[in-house]
file upload-v4.csv (CSV, C-alpha atoms and all ligand atoms)
chain,number,residue,atom,x,y,z
A,1,MET,CA,95.9,132.1,246.3
A,2,GLU,CA,99.3,131.4,247.8
A,3,LEU,CA,102.1,133.3,246.1
A,4,LEU,CA,104.3,130.4,244.8
A,5,GLU,CA,101.2,128.5,243.8
A,6,ALA,CA,100.0,131.5,241.7
A,7,ILE,CA,103.4,131.9,240.0
A,8,LYS,CA,103.5,128.2,239.2
A,9,SER,CA,99.9,127.9,238.0
A,10,ARG,CA,100.0,131.0,235.7
A,11,LYS,CA,99.9,130.0,232.1
A,12,SER,CA,98.8,131.5,228.8
A,13,VAL,CA,95.1,130.9,228.4
A,14,ARG,CA,93.9,130.6,224.8
A,15,GLY,CA,90.3,129.7,225.3
A,16,TYR,CA,87.7,131.7,227.3
A,17,LYS,CA,84.1,131.6,228.6
A,18,PRO,CA,82.1,134.5,227.1
A,19,THR,CA,81.2,136.0,230.5
A,20,PRO,CA,82.5,139.5,230.6
A,21,VAL,CA,84.8,140.6,233.5
A,22,SER,CA,83.3,143.5,235.5
A,23,LYS,CA,84.9,146.9,235.4
A,24,GLN,CA,85.3,146.7,239.2
A,25,ILE,CA,87.4,143.5,239.0
A,26,LEU,CA,89.4,144.8,236.0
A,27,ALA,CA,90.1,148.0,237.9
A,28,GLU,CA,91.2,146.0,241.0
A,29,VAL,CA,93.6,143.8,239.0
A,30,LEU,CA,95.1,146.8,237.2
A,31,GLY,CA,95.3,148.9,240.4
A,32,VAL,CA,97.1,146.2,242.3
A,33,ALA,CA,99.4,145.5,239.3
A,34,THR,CA,100.6,149.1,239.2
A,35,ARG,CA,102.6,148.2,242.4
A,36,ALA,CA,105.0,146.5,239.9
A,37,PRO,CA,108.5,148.0,239.9
A,38,SER,CA,109.6,150.3,237.2
A,39,ALA,CA,112.9,151.9,236.4
A,40,MET,CA,113.3,155.0,238.6
A,41,ASN,CA,109.6,154.6,239.3
A,42,ILE,CA,108.7,156.3,236.0
A,43,GLN,CA,105.7,154.0,235.6
A,44,PRO,CA,105.7,154.4,231.8
A,45,TRP,CA,102.7,152.2,231.2
A,46,GLY,CA,99.2,153.1,230.0
A,47,PHE,CA,96.2,150.7,229.8
A,48,THR,CA,93.3,150.8,227.3
A,49,ILE,CA,90.7,148.4,228.6
A,50,LEU,CA,88.3,147.0,226.1
A,51,GLY,CA,85.0,145.0,226.1
A,52,GLY,CA,81.6,144.8,224.5
A,53,LYS,CA,81.0,146.3,221.1
A,54,VAL,CA,84.3,148.2,220.9
A,55,LEU,CA,86.2,145.0,221.4
A,56,ASP,CA,84.0,143.2,218.9
A,57,ASP,CA,84.7,145.9,216.3
A,58,LEU,CA,88.4,145.7,217.0
A,59,LYS,CA,88.4,141.9,216.6
A,60,GLU,CA,86.5,142.2,213.3
A,61,SER,CA,88.8,144.8,211.9
A,62,LEU,CA,92.0,142.9,213.0
A,63,GLN,CA,90.7,139.8,211.3
A,64,GLU,CA,89.9,141.8,208.1
A,65,LYS,CA,93.4,143.3,208.0
A,66,PHE,CA,95.0,139.9,208.7
A,67,LEU,CA,93.0,138.3,205.8
A,68,ASP,CA,94.1,141.2,203.5
A,69,GLY,CA,97.6,140.0,204.1
A,70,GLU,CA,98.6,143.5,205.0
A,71,ARG,CA,100.9,143.0,208.0
A,72,THR,CA,102.5,146.3,208.9
A,73,ASN,CA,105.3,147.1,211.3
A,74,CYS,CA,104.4,147.3,215.0
A,75,ASP,CA,105.3,150.6,216.7
A,76,PHE,CA,108.7,149.0,217.6
A,77,GLY,CA,109.5,147.9,214.0
A,78,GLN,CA,110.0,144.3,212.9
A,79,PHE,CA,111.7,141.5,214.9
A,80,PRO,CA,114.4,139.4,213.2
A,81,PRO,CA,113.8,135.6,213.4
A,82,PHE,CA,115.2,133.9,216.4
A,83,PRO,CA,118.3,131.8,215.9
A,84,GLY,CA,119.4,128.4,217.3
A,85,VAL,CA,118.0,127.2,220.5
A,86,TYR,CA,115.5,130.0,220.7
A,87,ARG,CA,114.0,129.0,217.3
A,88,GLU,CA,113.9,125.4,218.6
A,89,ARG,CA,111.9,126.4,221.7
A,90,GLN,CA,109.6,128.4,219.4
A,91,VAL,CA,109.0,125.5,217.2
A,92,GLU,CA,108.5,123.1,220.1
A,93,LEU,CA,105.8,125.4,221.5
A,94,ALA,CA,104.0,125.7,218.1
A,95,LYS,CA,104.1,121.9,217.6
A,96,THR,CA,102.7,121.1,221.0
A,97,LEU,CA,100.0,123.8,220.7
A,98,PHE,CA,99.0,122.6,217.2
A,99,GLN,CA,98.9,119.0,218.3
A,100,LEU,CA,96.6,119.8,221.1
A,101,MET,CA,94.4,121.8,218.7
A,102,ASP,CA,94.6,119.0,216.1
A,103,ILE,CA,96.1,121.4,213.5
A,104,ALA,CA,98.3,119.6,211.0
A,105,ARG,CA,101.3,121.3,209.6
A,106,GLU,CA,100.0,121.3,206.0
A,107,ASP,CA,96.4,122.3,207.0
A,108,LYS,CA,96.5,125.9,205.8
A,109,GLY,CA,92.8,126.4,206.6
A,110,LYS,CA,93.1,125.4,210.2
A,111,ARG,CA,96.3,127.4,210.7
A,112,THR,CA,94.5,130.5,209.3
A,113,GLU,CA,91.6,129.9,211.7
A,114,TRP,CA,94.1,129.8,214.6
A,115,GLN,CA,95.7,133.1,213.4
A,116,LEU,CA,92.2,134.6,213.3
A,117,LYS,CA,91.5,133.4,216.8
A,118,MET,CA,94.6,135.1,217.9
A,119,MET,CA,93.4,138.3,216.2
A,120,ARG,CA,90.2,137.9,218.2
A,121,PHE,CA,92.2,137.8,221.5
A,122,PHE,CA,91.4,134.1,221.7
A,123,ASP,CA,87.7,135.1,222.0
A,124,ALA,CA,88.3,136.6,225.4
A,125,PRO,CA,85.5,138.9,226.5
A,126,ASN,CA,88.0,141.6,227.5
A,127,ALA,CA,91.3,142.8,226.3
A,128,ILE,CA,93.9,145.3,227.5
A,129,ILE,CA,96.2,147.2,225.2
A,130,ILE,CA,99.4,148.2,227.0
A,131,THR,CA,101.0,151.4,225.8
A,132,VAL,CA,104.1,153.4,226.6
A,133,ASP,CA,104.7,157.1,226.0
A,134,GLY,CA,106.8,157.4,222.9
A,135,GLU,CA,109.2,159.8,224.7
A,136,VAL,CA,110.2,157.1,227.1
A,137,SER,CA,109.9,153.9,225.1
A,138,GLY,CA,113.5,152.6,225.3
A,139,PHE,CA,115.0,149.6,227.1
A,140,LEU,CA,114.1,150.8,230.7
A,141,SER,CA,110.5,151.3,229.9
A,142,ILE,CA,110.1,148.0,228.0
A,143,PHE,CA,111.7,146.2,230.9
A,144,SER,CA,109.2,148.0,233.2
A,145,LEU,CA,106.2,147.0,231.0
A,146,GLY,CA,107.3,143.4,231.4
A,147,SER,CA,107.1,143.7,235.1
A,148,VAL,CA,103.6,145.2,235.1
A,149,ILE,CA,102.3,142.7,232.6
A,150,GLN,CA,103.4,139.7,234.6
A,151,THR,CA,101.9,141.4,237.7
A,152,ILE,CA,98.6,141.8,235.9
A,153,ALA,CA,98.7,138.1,234.9
A,154,LEU,CA,99.3,137.1,238.6
A,155,ALA,CA,96.8,139.4,240.1
A,156,ALA,CA,94.2,138.2,237.6
A,157,LEU,CA,94.5,134.6,239.0
A,158,ASN,CA,93.2,135.9,242.3
A,159,PHE,CA,89.9,136.5,240.6
A,160,GLY,CA,89.8,133.2,238.7
A,161,LEU,CA,90.9,135.0,235.5
A,162,GLY,CA,93.2,133.8,232.8
A,163,THR,CA,95.4,136.0,230.5
A,164,CYS,CA,97.4,135.7,227.4
A,165,ILE,CA,100.0,138.3,226.4
A,166,GLU,CA,99.8,138.8,222.7
A,167,LEU,CA,102.0,140.6,220.2
A,168,ASP,CA,100.3,139.5,217.0
A,169,PRO,CA,97.5,142.0,217.0
A,170,ILE,CA,99.9,144.9,217.7
A,171,PHE,CA,101.3,144.4,214.2
A,172,TYR,CA,98.2,146.4,213.1
A,173,PRO,CA,98.7,149.5,215.3
A,174,GLU,CA,96.6,151.7,213.0
A,175,VAL,CA,93.6,149.4,213.3
A,176,ILE,CA,93.9,149.5,217.1
A,177,ARG,CA,94.3,153.3,217.0
A,178,GLN,CA,91.3,153.8,214.7
A,179,ILE,CA,89.0,151.9,217.1
A,180,THR,CA,90.4,153.0,220.5
A,181,GLY,CA,91.7,156.5,219.8
A,182,ILE,CA,95.1,155.7,221.2
A,183,PRO,CA,97.2,158.7,220.0
A,184,LYS,CA,100.4,158.3,217.9
A,185,SER,CA,102.4,159.7,220.9
A,186,GLN,CA,101.7,156.4,222.7
A,187,LYS,CA,103.4,153.4,221.4
A,188,ILE,CA,101.4,150.2,221.4
A,189,ALA,CA,103.5,147.6,223.2
A,190,ALA,CA,101.3,144.6,223.8
A,191,GLY,CA,97.8,143.2,223.9
A,192,LEU,CA,96.5,141.1,226.7
A,193,ALA,CA,93.5,138.8,226.5
A,194,ILE,CA,91.7,138.5,229.8
A,195,GLY,CA,88.7,136.5,231.0
A,196,TYR,CA,87.4,133.4,232.7
A,197,PRO,CA,89.3,130.4,231.3
A,198,ASP,CA,87.4,127.6,229.5
A,199,TRP,CA,89.5,124.7,230.9
A,200,ASP,CA,87.9,122.3,228.4
A,201,PHE,CA,89.5,124.2,225.5
A,202,PRO,CA,92.3,121.9,224.3
A,203,ALA,CA,95.0,124.6,224.0
A,204,ASN,CA,94.5,125.4,227.7
A,205,LYS,CA,95.9,121.9,228.5
A,206,LEU,CA,99.4,123.1,227.4
A,207,LYS,CA,102.1,123.2,229.9
A,208,SER,CA,105.0,125.0,228.3
A,209,SER,CA,108.5,123.7,228.9
A,210,ARG,CA,111.3,125.4,230.8
A,211,GLU,CA,115.0,125.0,230.6
A,212,PRO,CA,116.3,123.5,233.8
A,213,LEU,CA,117.9,126.0,236.2
A,214,SER,CA,121.2,124.1,236.0
A,215,ASN,CA,121.5,125.1,232.3
A,216,ILE,CA,120.9,128.8,232.8
A,217,ALA,CA,122.3,129.7,236.3
A,218,THR,CA,126.0,130.1,237.2
A,219,TRP,CA,126.7,130.2,240.9
A,220,HIS,CA,129.7,131.8,242.7
A,221,GLY,CA,130.4,131.8,246.4
A,222,VAL,CA,126.9,130.5,247.2
A,223,GLN,CA,126.7,127.6,249.7
A,301,LIG,C1,106.2,139.3,224.8
A,301,LIG,C2,105.2,138.2,224.6
A,301,LIG,C3,104.5,138.0,223.5
A,301,LIG,C4,103.6,136.9,223.3
A,301,LIG,N1,102.9,136.9,222.2
A,301,LIG,C5,102.0,135.8,222.0
A,301,LIG,C6,101.2,135.7,220.9
A,301,LIG,O1,101.1,136.6,220.0
A,301,LIG,N2,100.4,134.6,220.8
A,301,LIG,C7,100.3,133.7,221.7
A,301,LIG,O2,99.6,132.7,221.6
A,301,LIG,N3,101.1,133.7,222.8
A,301,LIG,C8,101.9,134.8,223.0
A,301,LIG,N4,102.7,134.9,224.1
A,301,LIG,C9,102.6,133.8,225.1
A,301,LIG,C10,103.9,132.9,225.1
A,301,LIG,O3,103.8,132.1,224.0
A,301,LIG,C11,103.9,132.1,226.4
A,301,LIG,O4,104.1,133.0,227.5
A,301,LIG,C12,105.1,131.1,226.4
A,301,LIG,O5,104.9,130.1,225.5
A,301,LIG,C13,105.2,130.4,227.8
A,301,LIG,O6,104.0,129.8,228.1
A,301,LIG,P1,103.1,130.1,229.4
A,301,LIG,O7,102.8,131.6,229.3
A,301,LIG,O8,101.9,129.3,229.2
A,301,LIG,O9,103.9,129.8,230.6
A,301,LIG,C14,103.5,136.0,224.3
A,301,LIG,C15,104.3,136.1,225.5
A,301,LIG,C16,105.1,137.2,225.7
A,301,LIG,C17,105.9,137.4,227.0

call {"tool": "encode", "arguments": {"input": "upload-v4.csv", "output": "structure tokens", "more": "lines below"}}
Ligand SMILES: Cc1cc2nc3c(=O)[nH]c(=O)nc-3n(C[C@H](O)[C@H](O)[C@H](O)COP(=O)(O)O)c2cc1C
result
Amino acid sequence: MELLEAIKSRKSVRGYKPTPVSKQILAEVLGVATRAPSAMNIQPWGFTILGGKVLDDLKESLQEKFLDGERTNCDFGQFPPFPGVYRERQVELAKTLFQLMDIAREDKGKRTEWQLKMMRFFDAPNAIIITVDGEVSGFLSIFSLGSVIQTIALAALNFGLGTCIELDPIFYPEVIRQITGIPKSQKIAAGLAIGYPDWDFPANKLKSSREPLSNIATWHGVQ
């Protein structure tokens, strides 16, 4: 796929076909993605790649914990709510997504179902947990994780795969640790659903908005 076309067509995929992705393809995607830049080339990332029964067990346990109402801190603590325009963008995204999914604001049942789907990595056949060594988990590493995750998402497109970065499941880090054996020394930074997109799934029709460049770029001395 042509590079700009890939960047433009990447989007978060929230509905998947059940076909598992082969280990060979997942290894190729991740291998290529590690060409991503990292601060001082420290490559602080680690990947735990899940499928089959292990992923089924994780999905089950995450759903149980979610229904228990027992949301804990993620390994990076809590995030304060977003203010102002950031909150507006968040609300716009949720509204559009819920419209596509026919989830009314007051429909608690359907909203819970959606949250559970999120805990199930949107029913993707595979998921990747992205970790960072606790000894190097500051700003430079998190920045570097962002670069590798975007590169995974782009490389995945080459194989007809979709992805969705997810933070919701990582609010249950002990559940993830129990099932995957990720040690405490590794902080759990993100989850990534990965699989072949089901393009008929309504949420996959979403095209998220972007602020025009004119509102966010300041030019000096450029012709
Ligand atoms: C750090 C991060 C965390 C995210 N967490 C979630 C999540 O928990 N659930 C979800 O549905 N999407 C999640 N997303 C996807 C964003 O909602 C999505 O990237 C954004 O709305 C832009 O849409 P696009 O990816 O389709 O371009 C996350 C993205 C990032 C970068």

call {"tool": "atom_distance", "arguments": {"input": "upload-v4.csv", "atom1": "atom CA of A:Ala36", "atom2": "atom C15 of ligand LIG 301 (chain A)"}}
result
17.8 Å

call {"tool": "closest_atom_pairs", "arguments": {"input": "upload-v4.csv", "of": "chain A", "to": "ligand LIG 301 (chain A)", "cutoff": "8 Å", "atoms": "all atoms listed in the file", "output": "CSV"}}
result
residue,atom,partner,partner_atom,distance
A:Arg10,CA,A:LIG301,O9,6.5
A:Lys11,CA,A:LIG301,O8,3.6
A:Ser12,CA,A:LIG301,O8,3.8
A:Val13,CA,A:LIG301,O8,7.0
A:Arg14,CA,A:LIG301,O2,6.9
A:Gln90,CA,A:LIG301,O5,7.9
A:Leu93,CA,A:LIG301,O5,6.2
A:Met118,CA,A:LIG301,N2,6.5
A:Gly146,CA,A:LIG301,C17,7.6
A:Cys164,CA,A:LIG301,C9,6.0
A:Ile165,CA,A:LIG301,C14,4.7
A:Glu166,CA,A:LIG301,N1,3.7
A:Leu167,CA,A:LIG301,O1,4.1
A:Asp168,CA,A:LIG301,O1,4.2
A:Pro169,CA,A:LIG301,O1,7.1
A:Ala190,CA,A:LIG301,C1,7.3
A:Leu206,CA,A:LIG301,O8,6.9
A:Lys207,CA,A:LIG301,O8,6.1
A:Ser208,CA,A:LIG301,O6,4.9
A:Ser209,CA,A:LIG301,C13,7.5

call {"tool": "write_last_selection", "arguments": {"input": "upload-v4.csv", "atoms": "C-alpha atoms", "output": "mmCIF file, in the frame of the given file"}}
result
data_model
loop_
_atom_site.group_PDB
_atom_site.id
_atom_site.type_symbol
_atom_site.label_atom_id
_atom_site.label_comp_id
_atom_site.auth_asym_id
_atom_site.auth_seq_id
_atom_site.Cartn_x
_atom_site.Cartn_y
_atom_site.Cartn_z
ATOM 1 C CA ARG A 10 100.000 131.000 235.700
ATOM 2 C CA LYS A 11 99.900 130.000 232.100
ATOM 3 C CA SER A 12 98.800 131.500 228.800
ATOM 4 C CA VAL A 13 95.100 130.900 228.400
ATOM 5 C CA ARG A 14 93.900 130.600 224.800
ATOM 6 C CA GLN A 90 109.600 128.400 219.400
ATOM 7 C CA LEU A 93 105.800 125.400 221.500
ATOM 8 C CA MET A 118 94.600 135.100 217.900
ATOM 9 C CA GLY A 146 107.300 143.400 231.400
ATOM 10 C CA CYS A 164 97.400 135.700 227.400
ATOM 11 C CA ILE A 165 100.000 138.300 226.400
ATOM 12 C CA GLU A 166 99.800 138.800 222.700
ATOM 13 C CA LEU A 167 102.000 140.600 220.200
ATOM 14 C CA ASP A 168 100.300 139.500 217.000
ATOM 15 C CA PRO A 169 97.500 142.000 217.000
ATOM 16 C CA ALA A 190 101.300 144.600 223.800
ATOM 17 C CA LEU A 206 99.400 123.100 227.400
ATOM 18 C CA LYS A 207 102.100 123.200 229.900
ATOM 19 C CA SER A 208 105.000 125.000 228.300
ATOM 20 C CA SER A 209 108.500 123.700 228.900
#

call {"tool": "atom_distance", "arguments": {"input": "upload-v4.csv", "atom1": "atom CA of A:Ala39", "atom2": "atom CA of A:Thr180"}}
result
27.6 Å

call {"tool": "atom_distance", "arguments": {"input": "upload-v4.csv", "atom1": "atom CA of A:Glu92", "atom2": "atom CA of A:Leu116"}}
result
21.1 Å

call {"tool": "residues_around", "arguments": {"input": "upload-v4.csv", "residues": "stretch 41-44 of chain A", "least_positions_apart": "4", "cutoff": "7 Å", "atoms": "all atoms listed in the file", "output": "list in words"}}
result
Pro37, Val132, Asp133 and Ser141 of chain A

call {"tool": "write_last_selection", "arguments": {"input": "upload-v4.csv", "atoms": "C-alpha atoms", "output": "PDB file, in the frame of the given file"}}
result
ATOM      1  CA  PRO A  37     108.500 148.000 239.900  1.00  0.00           C
ATOM      2  CA  VAL A 132     104.100 153.400 226.600  1.00  0.00           C
ATOM      3  CA  ASP A 133     104.700 157.100 226.000  1.00  0.00           C
ATOM      4  CA  SER A 141     110.500 151.300 229.900  1.00  0.00           C
TER       5      SER A 141
END

call {"tool": "residues_near_point", "arguments": {"input": "upload-v4.csv", "point": "(97.6, 132.8, 238.6)", "cutoff": "10 Å", "atoms": "all atoms listed in the file", "output": "PyMOL selection string"}}
result
chain A and resi 1-12+150-163

call {"tool": "closest_residue", "arguments": {"input": "upload-v4.csv", "among": "A:Arg105, A:Leu67, A:Thr48, A:Val222", "to": "A:Lys187", "atoms": "all atoms listed in the file"}}
result
A:Thr48

call {"tool": "residues_around", "arguments": {"input": "upload-v4.csv", "residues": "A:Trp114", "least_positions_apart": "6", "cutoff": "12 Å", "atoms": "only C-alpha atoms", "output": "list in words"}}
result
Arg14, Gly15, Gln63, Phe66, Ala94, Leu97, Phe98, Met101, Asp102, Ile103, Ala104, Asp107, Lys108, Arg120, Phe121, Phe122, Asp123, Asp168 and Ala203 of chain A

call {"tool": "write_last_selection", "arguments": {"input": "upload-v4.csv", "atoms": "C-alpha atoms", "output": "tab-separated table (two decimals), in the frame of the given file"}}
result
chain	number	residue	atom	x	y	z
A	14	ARG	CA	93.90	130.60	224.80
A	15	GLY	CA	90.30	129.70	225.30
A	63	GLN	CA	90.70	139.80	211.30
A	66	PHE	CA	95.00	139.90	208.70
A	94	ALA	CA	104.00	125.70	218.10
A	97	LEU	CA	100.00	123.80	220.70
A	98	PHE	CA	99.00	122.60	217.20
A	101	MET	CA	94.40	121.80	218.70
A	102	ASP	CA	94.60	119.00	216.10
A	103	ILE	CA	96.10	121.40	213.50
A	104	ALA	CA	98.30	119.60	211.00
A	107	ASP	CA	96.40	122.30	207.00
A	108	LYS	CA	96.50	125.90	205.80
A	120	ARG	CA	90.20	137.90	218.20
A	121	PHE	CA	92.20	137.80	221.50
A	122	PHE	CA	91.40	134.10	221.70
A	123	ASP	CA	87.70	135.10	222.00
A	168	ASP	CA	100.30	139.50	217.00
A	203	ALA	CA	95.00	124.60	224.00

call {"tool": "residues_around", "arguments": {"input": "upload-v4.csv", "residues": "A:Ile129", "least_positions_apart": "6", "cutoff": "8 Å", "atoms": "only C-alpha atoms", "output": "PDB file with C-alpha atoms, in the frame of the given file"}}
result
ATOM      1  CA  PHE A  47      96.200 150.700 229.800  1.00  0.00           C
ATOM      2  CA  THR A  48      93.300 150.800 227.300  1.00  0.00           C
ATOM      3  CA  ILE A  49      90.700 148.400 228.600  1.00  0.00           C
ATOM      4  CA  LEU A  50      88.300 147.000 226.100  1.00  0.00           C
ATOM      5  CA  ILE A 188     101.400 150.200 221.400  1.00  0.00           C
ATOM      6  CA  ALA A 189     103.500 147.600 223.200  1.00  0.00           C
ATOM      7  CA  ALA A 190     101.300 144.600 223.800  1.00  0.00           C
ATOM      8  CA  GLY A 191      97.800 143.200 223.900  1.00  0.00           C
ATOM      9  CA  LEU A 192      96.500 141.100 226.700  1.00  0.00           C
TER      10      LEU A 192
END

call {"tool": "closest_residue", "arguments": {"input": "upload-v4.csv", "among": "A:Asp75, A:Glu211, A:Asp200, A:Glu88", "to": "A:Ser185", "atoms": "all atoms listed in the file"}}
result
A:Asp75

call {"tool": "closest_residue", "arguments": {"input": "upload-v4.csv", "among": "A:Thr72, A:Gln115, A:Ser61, A:Asn126", "to": "A:Ile194", "atoms": "all atoms listed in the file"}}
result
A:Asn126

call {"tool": "closest_residue", "arguments": {"input": "upload-v4.csv", "among": "A:Ile216, A:Pro197, A:Pro83, A:Pro125", "to": "A:Leu26", "atoms": "only C-alpha atoms"}}
result
A:Pro125

call {"tool": "closest_residue", "arguments": {"input": "upload-v4.csv", "among": "A:Trp45, A:Phe82, A:Tyr16, A:Phe76", "to": "A:Phe171", "atoms": "only C-alpha atoms"}}
result
A:Phe76

call {"tool": "closest_residue", "arguments": {"input": "upload-v4.csv", "among": "A:Lys17, A:Val85, A:Val148, A:Leu100", "to": "A:Leu30", "atoms": "all atoms listed in the file"}}
result
A:Val148

call {"tool": "residues_around", "arguments": {"input": "upload-v4.csv", "residues": "A:Arg71", "least_positions_apart": "2", "cutoff": "12 Å", "atoms": "only C-alpha atoms", "output": "PyMOL selection string"}}
result
chain A and resi 62-69+73-74+77-78+168-175

call {"tool": "write_last_selection", "arguments": {"input": "upload-v4.csv", "atoms": "C-alpha atoms", "output": "PDB file, in the frame of the given file"}}
result
ATOM      1  CA  LEU A  62      92.000 142.900 213.000  1.00  0.00           C
ATOM      2  CA  GLN A  63      90.700 139.800 211.300  1.00  0.00           C
ATOM      3  CA  GLU A  64      89.900 141.800 208.100  1.00  0.00           C
ATOM      4  CA  LYS A  65      93.400 143.300 208.000  1.00  0.00           C
ATOM      5  CA  PHE A  66      95.000 139.900 208.700  1.00  0.00           C
ATOM      6  CA  LEU A  67      93.000 138.300 205.800  1.00  0.00           C
ATOM      7  CA  ASP A  68      94.100 141.200 203.500  1.00  0.00           C
ATOM      8  CA  GLY A  69      97.600 140.000 204.100  1.00  0.00           C
ATOM      9  CA  ASN A  73     105.300 147.100 211.300  1.00  0.00           C
ATOM     10  CA  CYS A  74     104.400 147.300 215.000  1.00  0.00           C
ATOM     11  CA  GLY A  77     109.500 147.900 214.000  1.00  0.00           C
ATOM     12  CA  GLN A  78     110.000 144.300 212.900  1.00  0.00           C
ATOM     13  CA  ASP A 168     100.300 139.500 217.000  1.00  0.00           C
ATOM     14  CA  PRO A 169      97.500 142.000 217.000  1.00  0.00           C
ATOM     15  CA  ILE A 170      99.900 144.900 217.700  1.00  0.00           C
ATOM     16  CA  PHE A 171     101.300 144.400 214.200  1.00  0.00           C
ATOM     17  CA  TYR A 172      98.200 146.400 213.100  1.00  0.00           C
ATOM     18  CA  PRO A 173      98.700 149.500 215.300  1.00  0.00           C
ATOM     19  CA  GLU A 174      96.600 151.700 213.000  1.00  0.00           C
ATOM     20  CA  VAL A 175      93.600 149.400 213.300  1.00  0.00           C
TER      21      VAL A 175
END
